[in-house]
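J.: Provided herewith: run16.csv, CSV, C-alpha atoms.
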```
chain,number,residue,atom,x,y,z
A,1,MET,CA,129.1,62.9,110.0
A,2,LYS,CA,127.9,61.7,113.4
A,3,ASN,CA,125.3,63.9,115.0
A,4,PRO,CA,127.4,66.6,116.7
A,5,VAL,CA,125.3,66.7,119.9
A,6,GLU,CA,123.7,63.3,120.1
A,7,GLY,CA,124.4,60.8,122.9
A,8,ILE,CA,124.6,63.0,125.9
A,9,GLY,CA,121.2,61.8,127.0
A,10,LYS,CA,122.0,58.1,126.5
A,11,ARG,CA,122.5,55.8,129.5
A,12,PRO,CA,126.3,56.0,129.4
A,13,PHE,CA,126.1,59.7,130.2
A,14,THR,CA,123.6,59.8,133.1
A,15,ILE,CA,126.4,61.3,135.1
A,16,LYS,CA,126.7,57.9,136.8
A,17,TRP,CA,129.7,59.1,138.7
A,18,ILE,CA,127.5,61.4,140.6
A,19,SER,CA,125.2,58.5,141.6
A,20,LEU,CA,128.3,56.5,142.6
A,21,ILE,CA,130.1,59.2,144.5
A,22,LEU,CA,127.5,61.7,145.7
A,23,PHE,CA,125.2,58.9,146.7
A,24,THR,CA,127.8,57.4,149.0
A,25,ILE,CA,129.2,60.6,150.4
A,26,LEU,CA,125.9,61.7,152.1
A,27,LEU,CA,123.7,58.6,151.8
A,28,LEU,CA,122.7,58.7,155.4
A,29,SER,CA,121.5,62.3,155.0
A,30,ALA,CA,118.5,61.2,153.0
A,31,SER,CA,115.1,62.1,154.5
A,32,CYS,CA,113.8,59.6,156.9
A,33,ASN,CA,110.2,60.7,156.0
A,34,LYS,CA,108.3,57.9,154.3
A,35,GLU,CA,107.4,59.2,150.8
A,36,ASN,CA,103.8,59.2,149.8
A,37,PRO,CA,102.9,57.3,146.6
A,38,GLN,CA,102.2,59.3,143.5
A,39,ASP,CA,98.8,60.9,143.5
A,40,LYS,CA,98.1,62.8,140.3
A,41,ASN,CA,94.6,63.8,141.6
A,42,ASN,CA,95.8,65.5,144.7
A,43,SER,CA,94.9,69.2,144.6
A,44,VAL,CA,97.1,69.9,147.6
A,45,TYR,CA,100.2,68.1,148.9
A,46,ASP,CA,100.8,68.0,152.6
A,47,SER,CA,103.9,70.0,153.1
A,48,SER,CA,104.9,68.1,156.2
A,49,VAL,CA,105.6,64.9,154.2
A,50,SER,CA,107.7,64.1,151.1
A,51,TYR,CA,106.4,63.0,147.7
A,52,SER,CA,107.9,61.3,144.7
A,53,LEU,CA,105.7,62.1,141.7
A,54,GLN,CA,106.1,60.7,138.2
A,55,ASN,CA,104.9,61.8,134.8
A,56,ILE,CA,103.2,64.9,136.0
A,57,SER,CA,101.8,66.8,133.1
A,58,TYR,CA,102.6,70.5,132.7
A,59,GLY,CA,101.0,71.0,129.3
A,60,ASN,CA,98.7,69.4,126.7
A,61,ASN,CA,101.4,67.6,124.7
A,62,SER,CA,102.2,64.0,125.8
A,63,GLN,CA,105.9,65.0,125.9
A,64,GLN,CA,105.2,67.7,128.5
A,65,ILE,CA,105.7,65.6,131.6
A,66,MET,CA,108.1,65.7,134.5
A,67,ASP,CA,109.1,63.8,137.6
A,68,ILE,CA,109.0,65.7,140.9
A,69,TYR,CA,110.5,65.2,144.3
A,70,LEU,CA,108.9,67.3,147.1
A,71,PRO,CA,110.8,67.2,150.4
A,72,ALA,CA,109.1,67.0,153.7
A,73,ASN,CA,108.6,70.2,155.7
A,74,ARG,CA,109.0,72.4,152.6
A,75,LYS,CA,108.1,76.0,152.6
A,76,SER,CA,107.2,78.3,149.7
A,77,SER,CA,109.5,80.9,151.2
A,78,SER,CA,112.7,78.8,151.3
A,79,THR,CA,112.5,75.4,149.6
A,80,LYS,CA,114.8,75.5,146.5
A,81,VAL,CA,114.4,73.5,143.3
A,82,PHE,CA,116.9,71.6,141.2
A,83,VAL,CA,115.8,71.5,137.5
A,84,LEU,CA,117.2,68.8,135.3
A,85,ILE,CA,117.2,69.2,131.5
A,86,HIS,CA,118.3,66.1,129.6
A,87,GLY,CA,120.3,66.2,126.4
A,88,GLY,CA,120.0,64.4,123.1
A,89,GLY,CA,120.6,66.9,120.3
A,90,TRP,CA,117.3,68.7,120.9
A,91,SER,CA,115.6,65.8,119.0
A,92,ALA,CA,116.1,62.8,121.3
A,93,GLY,CA,116.7,61.9,124.9
A,94,ASP,CA,114.4,61.4,127.9
A,95,LYS,CA,114.2,62.4,131.5
A,96,THR,CA,115.1,58.8,132.5
A,97,ASP,CA,118.6,59.6,131.2
A,98,PHE,CA,119.0,61.8,134.3
A,99,ALA,CA,117.4,59.3,136.7
A,100,ASP,CA,120.7,58.6,138.5
A,101,LEU,CA,121.4,62.3,139.0
A,102,PHE,CA,117.8,62.8,140.2
A,103,ASN,CA,118.3,60.1,142.9
A,104,SER,CA,121.7,61.4,143.9
A,105,LEU,CA,120.5,64.9,144.4
A,106,LYS,CA,117.5,63.6,146.3
A,107,SER,CA,119.9,61.7,148.7
A,108,ASN,CA,122.4,64.4,149.1
A,109,TYR,CA,120.1,67.4,149.2
A,110,PRO,CA,117.0,66.0,150.8
A,111,ASN,CA,115.6,69.4,151.8
A,112,ASP,CA,115.5,70.7,148.3
A,113,ALA,CA,112.9,69.8,145.6
A,114,ILE,CA,113.8,68.4,142.2
A,115,ILE,CA,112.1,68.3,138.9
A,116,ASN,CA,113.3,66.2,135.9
A,117,ILE,CA,111.5,67.4,132.8
A,118,ASN,CA,110.7,66.0,129.4
A,119,TYR,CA,110.2,68.6,126.7
A,120,GLN,CA,108.8,68.5,123.2
A,121,LEU,CA,111.5,67.1,120.9
A,122,GLY,CA,112.5,69.0,117.9
A,123,THR,CA,112.5,68.0,114.2
A,124,ALA,CA,113.4,69.9,111.1
A,125,ALA,CA,109.8,70.5,110.4
A,126,SER,CA,109.0,71.5,114.0
A,127,PRO,CA,112.3,72.8,115.5
A,128,GLY,CA,113.0,72.8,119.2
A,129,TYR,CA,113.3,76.6,119.4
A,130,PRO,CA,111.3,78.3,120.8
A,131,LYS,CA,109.0,75.5,122.0
A,132,GLN,CA,111.6,73.9,124.3
A,133,ILE,CA,112.2,77.2,126.0
A,134,ASN,CA,108.5,77.6,126.4
A,135,ASP,CA,108.3,74.1,127.9
A,136,ILE,CA,110.8,75.1,130.6
A,137,LYS,CA,108.7,78.1,131.3
A,138,ALA,CA,105.6,76.0,131.5
A,139,ALA,CA,107.2,73.4,133.8
A,140,LEU,CA,108.4,76.1,136.2
A,141,SER,CA,104.9,77.7,136.1
A,142,GLU,CA,103.4,74.3,137.1
A,143,ILE,CA,105.6,73.9,140.2
A,144,GLN,CA,105.0,77.5,141.2
A,145,GLN,CA,101.5,76.6,142.0
A,146,GLN,CA,100.6,76.9,145.7
A,147,LYS,CA,99.9,73.2,146.1
A,148,TYR,CA,103.6,72.4,145.8
A,149,ASP,CA,104.8,74.8,148.5
A,150,LEU,CA,108.1,75.6,146.7
A,151,SER,CA,110.1,78.7,146.3
A,152,SER,CA,111.0,80.1,142.9
A,153,GLN,CA,114.7,79.7,143.4
A,154,TYR,CA,116.1,77.4,140.7
A,155,PHE,CA,119.4,75.6,140.0
A,156,LEU,CA,119.5,74.4,136.4
A,157,PHE,CA,121.4,71.2,135.5
A,158,GLY,CA,121.8,70.6,131.8
A,159,ALA,CA,124.0,68.3,129.6
A,160,SER,CA,124.8,68.9,125.9
A,161,ALA,CA,121.6,70.1,124.3
A,162,GLY,CA,120.2,70.4,127.8
A,163,GLY,CA,123.2,72.5,128.9
A,164,HIS,CA,122.4,74.8,125.9
A,165,LEU,CA,118.8,75.1,127.0
A,166,ALA,CA,119.7,75.7,130.6
A,167,MET,CA,122.0,78.5,129.6
A,168,LEU,CA,119.6,80.0,127.0
A,169,TYR,CA,116.7,80.0,129.5
A,170,GLY,CA,118.8,81.4,132.4
A,171,TYR,CA,120.5,84.1,130.3
A,172,ALA,CA,117.7,85.2,128.0
A,173,PHE,CA,114.3,84.2,129.4
A,174,ASP,CA,114.6,84.5,133.1
A,175,ALA,CA,113.5,88.2,133.4
A,176,VAL,CA,112.9,88.1,137.1
A,177,HIS,CA,116.1,86.2,137.9
A,178,GLN,CA,114.7,83.1,139.5
A,179,VAL,CA,117.6,81.0,138.2
A,180,LYS,CA,120.2,81.3,140.9
A,181,ALA,CA,122.9,79.1,139.2
A,182,ILE,CA,123.6,76.8,136.3
A,183,CYS,CA,125.6,73.7,135.8
A,184,ASN,CA,126.4,73.2,132.1
A,185,THR,CA,128.1,70.0,130.9
A,186,VAL,CA,129.4,70.0,127.3
A,187,GLY,CA,126.6,72.4,126.2
A,188,PRO,CA,126.8,74.4,123.0
A,189,ALA,CA,127.1,78.1,124.0
A,190,ASP,CA,127.7,80.0,120.7
A,191,LEU,CA,126.3,78.7,117.5
A,192,THR,CA,127.8,81.7,115.6
A,193,ASP,CA,131.2,80.3,116.4
A,194,PRO,CA,133.1,79.7,113.1
A,195,SER,CA,133.7,76.2,114.3
A,196,TYR,CA,130.0,75.7,113.7
A,197,THR,CA,129.3,78.1,110.9
A,198,ASN,CA,132.3,77.1,108.7
A,199,ASN,CA,131.0,73.5,109.0
A,200,ASN,CA,127.3,74.2,109.0
A,201,LEU,CA,126.3,71.5,106.6
A,202,ALA,CA,128.1,68.9,108.7
A,203,TYR,CA,126.4,70.0,111.9
A,204,MET,CA,122.9,70.4,110.4
A,205,PRO,CA,121.7,66.9,111.3
A,206,ALA,CA,121.9,68.0,114.9
A,207,LEU,CA,121.1,71.7,114.6
A,208,GLY,CA,118.0,70.9,112.6
A,209,GLY,CA,116.4,69.7,115.8
A,210,LEU,CA,116.9,73.2,117.2
A,211,VAL,CA,116.6,75.7,114.3
A,212,GLY,CA,115.0,73.6,111.5
A,213,ASN,CA,116.5,73.4,108.0
A,214,VAL,CA,118.0,76.9,108.2
A,215,LEU,CA,121.7,77.4,107.5
A,216,TYR,CA,123.7,80.2,109.2
A,217,THR,CA,124.1,82.1,106.0
A,218,GLN,CA,120.3,82.1,105.5
A,219,ASN,CA,119.5,83.5,108.9
A,220,PRO,CA,122.5,84.5,111.0
A,221,GLY,CA,120.1,86.4,113.4
A,222,LEU,CA,118.4,83.1,114.3
A,223,TYR,CA,121.8,81.5,115.2
A,224,ALA,CA,122.6,84.5,117.4
A,225,GLU,CA,119.2,84.4,119.0
A,226,VAL,CA,119.7,80.8,120.1
A,227,SER,CA,123.3,81.3,121.3
A,228,PRO,CA,123.4,81.7,125.1
A,229,VAL,CA,126.6,83.8,125.0
A,230,LYS,CA,124.7,86.5,123.1
A,231,HIS,CA,122.4,87.0,126.0
A,232,VAL,CA,124.9,87.2,128.9
A,233,THR,CA,124.5,90.3,131.1
A,234,SER,CA,125.9,91.4,134.4
A,235,SER,CA,122.8,89.9,136.1
A,236,SER,CA,123.2,86.4,134.5
A,237,PRO,CA,123.4,83.6,137.1
A,238,PRO,CA,126.7,82.0,138.2
A,239,THR,CA,127.6,79.2,135.9
A,240,ILE,CA,129.9,76.2,136.1
A,241,SER,CA,130.9,74.4,132.9
A,242,PHE,CA,132.8,71.3,131.9
A,243,TYR,CA,134.2,70.3,128.5
A,244,GLY,CA,136.6,67.8,127.0
A,245,ASP,CA,139.3,68.9,124.6
A,246,THR,CA,138.8,65.9,122.3
A,247,ASP,CA,135.0,66.1,122.2
A,248,PRO,CA,134.1,65.1,118.6
A,249,LEU,CA,130.6,66.7,119.0
A,250,ILE,CA,131.2,70.1,120.7
A,251,PRO,CA,134.0,72.3,119.5
A,252,SER,CA,136.6,73.1,122.2
A,253,THR,CA,136.3,76.8,121.3
A,254,GLN,CA,132.9,76.8,123.0
A,255,MET,CA,134.3,77.0,126.5
A,256,GLY,CA,136.5,80.0,125.8
A,257,LEU,CA,133.7,81.9,124.1
A,258,LEU,CA,131.3,81.2,127.0
A,259,LYS,CA,133.9,82.1,129.7
A,260,LYS,CA,134.8,85.4,127.9
A,261,ALA,CA,131.2,86.5,127.8
A,262,LEU,CA,130.7,85.7,131.5
A,263,ASP,CA,134.0,87.3,132.5
A,264,ASP,CA,133.3,90.4,130.4
A,265,ASN,CA,130.1,90.9,132.2
A,266,GLY,CA,131.5,90.2,135.7
A,267,VAL,CA,129.5,87.0,136.1
A,268,TYR,CA,131.0,84.5,138.5
A,269,ASN,CA,131.9,81.4,136.6
A,270,GLU,CA,134.0,78.3,136.6
A,271,ALA,CA,135.1,76.4,133.6
A,272,THR,CA,137.1,73.2,133.3
A,273,MET,CA,138.5,71.6,130.2
A,274,TYR,CA,139.5,68.0,130.7
A,275,ALA,CA,142.6,66.9,128.7
A,276,GLY,CA,142.0,64.0,126.5
A,277,ALA,CA,138.3,63.8,127.3
A,278,GLY,CA,135.5,63.6,124.9
A,279,HIS,CA,131.7,64.2,125.3
A,280,GLY,CA,131.4,63.8,129.0
A,281,ASN,CA,133.3,60.5,129.2
A,282,TRP,CA,135.8,61.6,131.9
A,283,ASN,CA,138.3,59.2,133.4
A,284,THR,CA,138.2,58.4,137.1
A,285,ALA,CA,140.3,61.3,138.3
A,286,GLN,CA,138.4,63.7,136.1
A,287,SER,CA,135.1,62.3,137.3
A,288,GLU,CA,136.0,62.8,141.0
A,289,ASP,CA,137.2,66.4,140.2
A,290,TYR,CA,133.9,67.0,138.3
A,291,VAL,CA,131.7,65.8,141.2
A,292,LEU,CA,133.7,67.8,143.9
A,293,LYS,CA,133.6,71.0,141.9
A,294,ILE,CA,129.8,70.6,141.3
A,295,MET,CA,129.2,70.0,145.0
A,296,ASN,CA,131.3,73.0,146.1
A,297,PHE,CA,129.5,75.1,143.5
A,298,ILE,CA,126.1,74.1,144.7
A,299,ASN,CA,127.0,74.6,148.4
A,300,PHE,CA,128.3,78.1,147.7
A,301,HIS,CA,125.8,79.4,145.1
A,302,PHE,CA,122.6,77.6,146.1
```
Written as structure tokens, how would this file's structure read?
T.:
Amino acid sequence: MKNPVEGIGKRPFTIKWISLILFTILLLSASCNKENPQDKNNSVYDSSVSYSLQNISYGNNSQQIMDIYLPANRKSSSTKVFVLIHGGGWSAGDKTDFADLFNSLKSNYPNDAIININYQLGTAASPGYPKQINDIKAALSEIQQQKYDLSSQYFLFGASAGGHLAMLYGYAFDAVHQVKAICNTVGPADLTDPSYTNNNLAYMPALGGLVGNVLYTQNPGLYAEVSPVKHVTSSSPPTISFYGDTDPLIPSTQMGLLKKALDDNGVYNEATMYAGAGHGNWNTAQSEDYVLKIMNFINFHF
């Protein structure tokens, strides 16, 4: 069977409709400050000017790198940060898959910072959990350094496996509530869902990148531990989610399980199921709806 969560990070799903629609809506709002070239040796970045930095290390592993946009006139007390987490089944994908989204956010929200992270990819022998969560922690610790002049207010964007990681981090590992909102696109939310567990062998080629060669029956506690819905509390961040009802990779039951957990805990959330849509391949009307809902959500919650 095809990898149940592969492909979200491939070029066809770089959320190109955001780059086409968001980019044109507010193109002229982009910062007029000339960006300084990348300078990895800078110990301090002048907060009065903007920077576009590429492949900044946040750890010792070669995969622990990220691209950073620092807006001009930023302040550690108020400059918020978009955090982009690519998909790819926990075992593939790259930050370049979110390059269009990165550029669109930079154009439309020029006063906010952006980081687009790579993380250590998982394998059956070296699964993604917990190292990918630890990588998100490490990336956020890096940009909390004084030299960047950024606040610790974060909006997490994730797609597919990246959506799962965004929710898992925001619900289970953000003890001081720095994550202010999450946008989840086709992200697995509950790996204890019978849609997964009753077909565990079929989904293992993908899940192995997250949990290793461990079936649900062998360690149900692990599957619960990596399920974002199991960690939702009344203080979880507002979440907007999008799914397709013909997605061959993510069971349609995932949206309802996520929404119920958020609703039961009184957490503001929005959830959209697009009819006839698959793994993020919305049609034109759905794409426009998707973009407008995300923009409204950002403007209201971030």
J.: Which residue out of A:Ile65, A:Ala181, A:Leu210, A:Ala275 has the minimum interatomic distance to Tyr154 of chain A when all atoms listed in the file are used?
T.: A:Ala181
J.: What separation in Å, quoted to one decimal, exists between atom CA of Thr192 of chain A and atom CA of Val226 of chain A?
T.: 9.3 Å
J.: Expressed in Å to a single decimal, how great is the separation between atom CA of Gly163 of chain A and atom CA of Asn213 of chain A?
T.: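 Between atom CA of Gly163 of chain A and atom CA of Asn213 of chain A the gap is 22.0 Å.
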J.: Let me make sure I understand: among A:Ala159, A:Ile136, A:Leu201, A:Ala261, which one has the smallest atom-to-atom distance to Asp97 of chain A if we use all atoms listed in the file?
T.: A:Ala159
J.: Measuring atom to atom with only C-alpha atoms, identify which of A:Ser195, A:Asn265, A:Ser287, A:Gln144 is nearest to Thr233 of chain A.
T.: A:Asn265
J.: Could you check how far atom CA of His164 of chain A sits from atom CA of Ser107 of chain A, in Å to one decimal?
T.: 26.4 Å
J.: A:Leu262, A:Ala92, A:Cys183, A:Leu168: which is nearest Gln63 of chain A, counting all atoms listed in the file?
T.: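 Distance minimum relative to Gln63 of chain A lands on A:Ala92.
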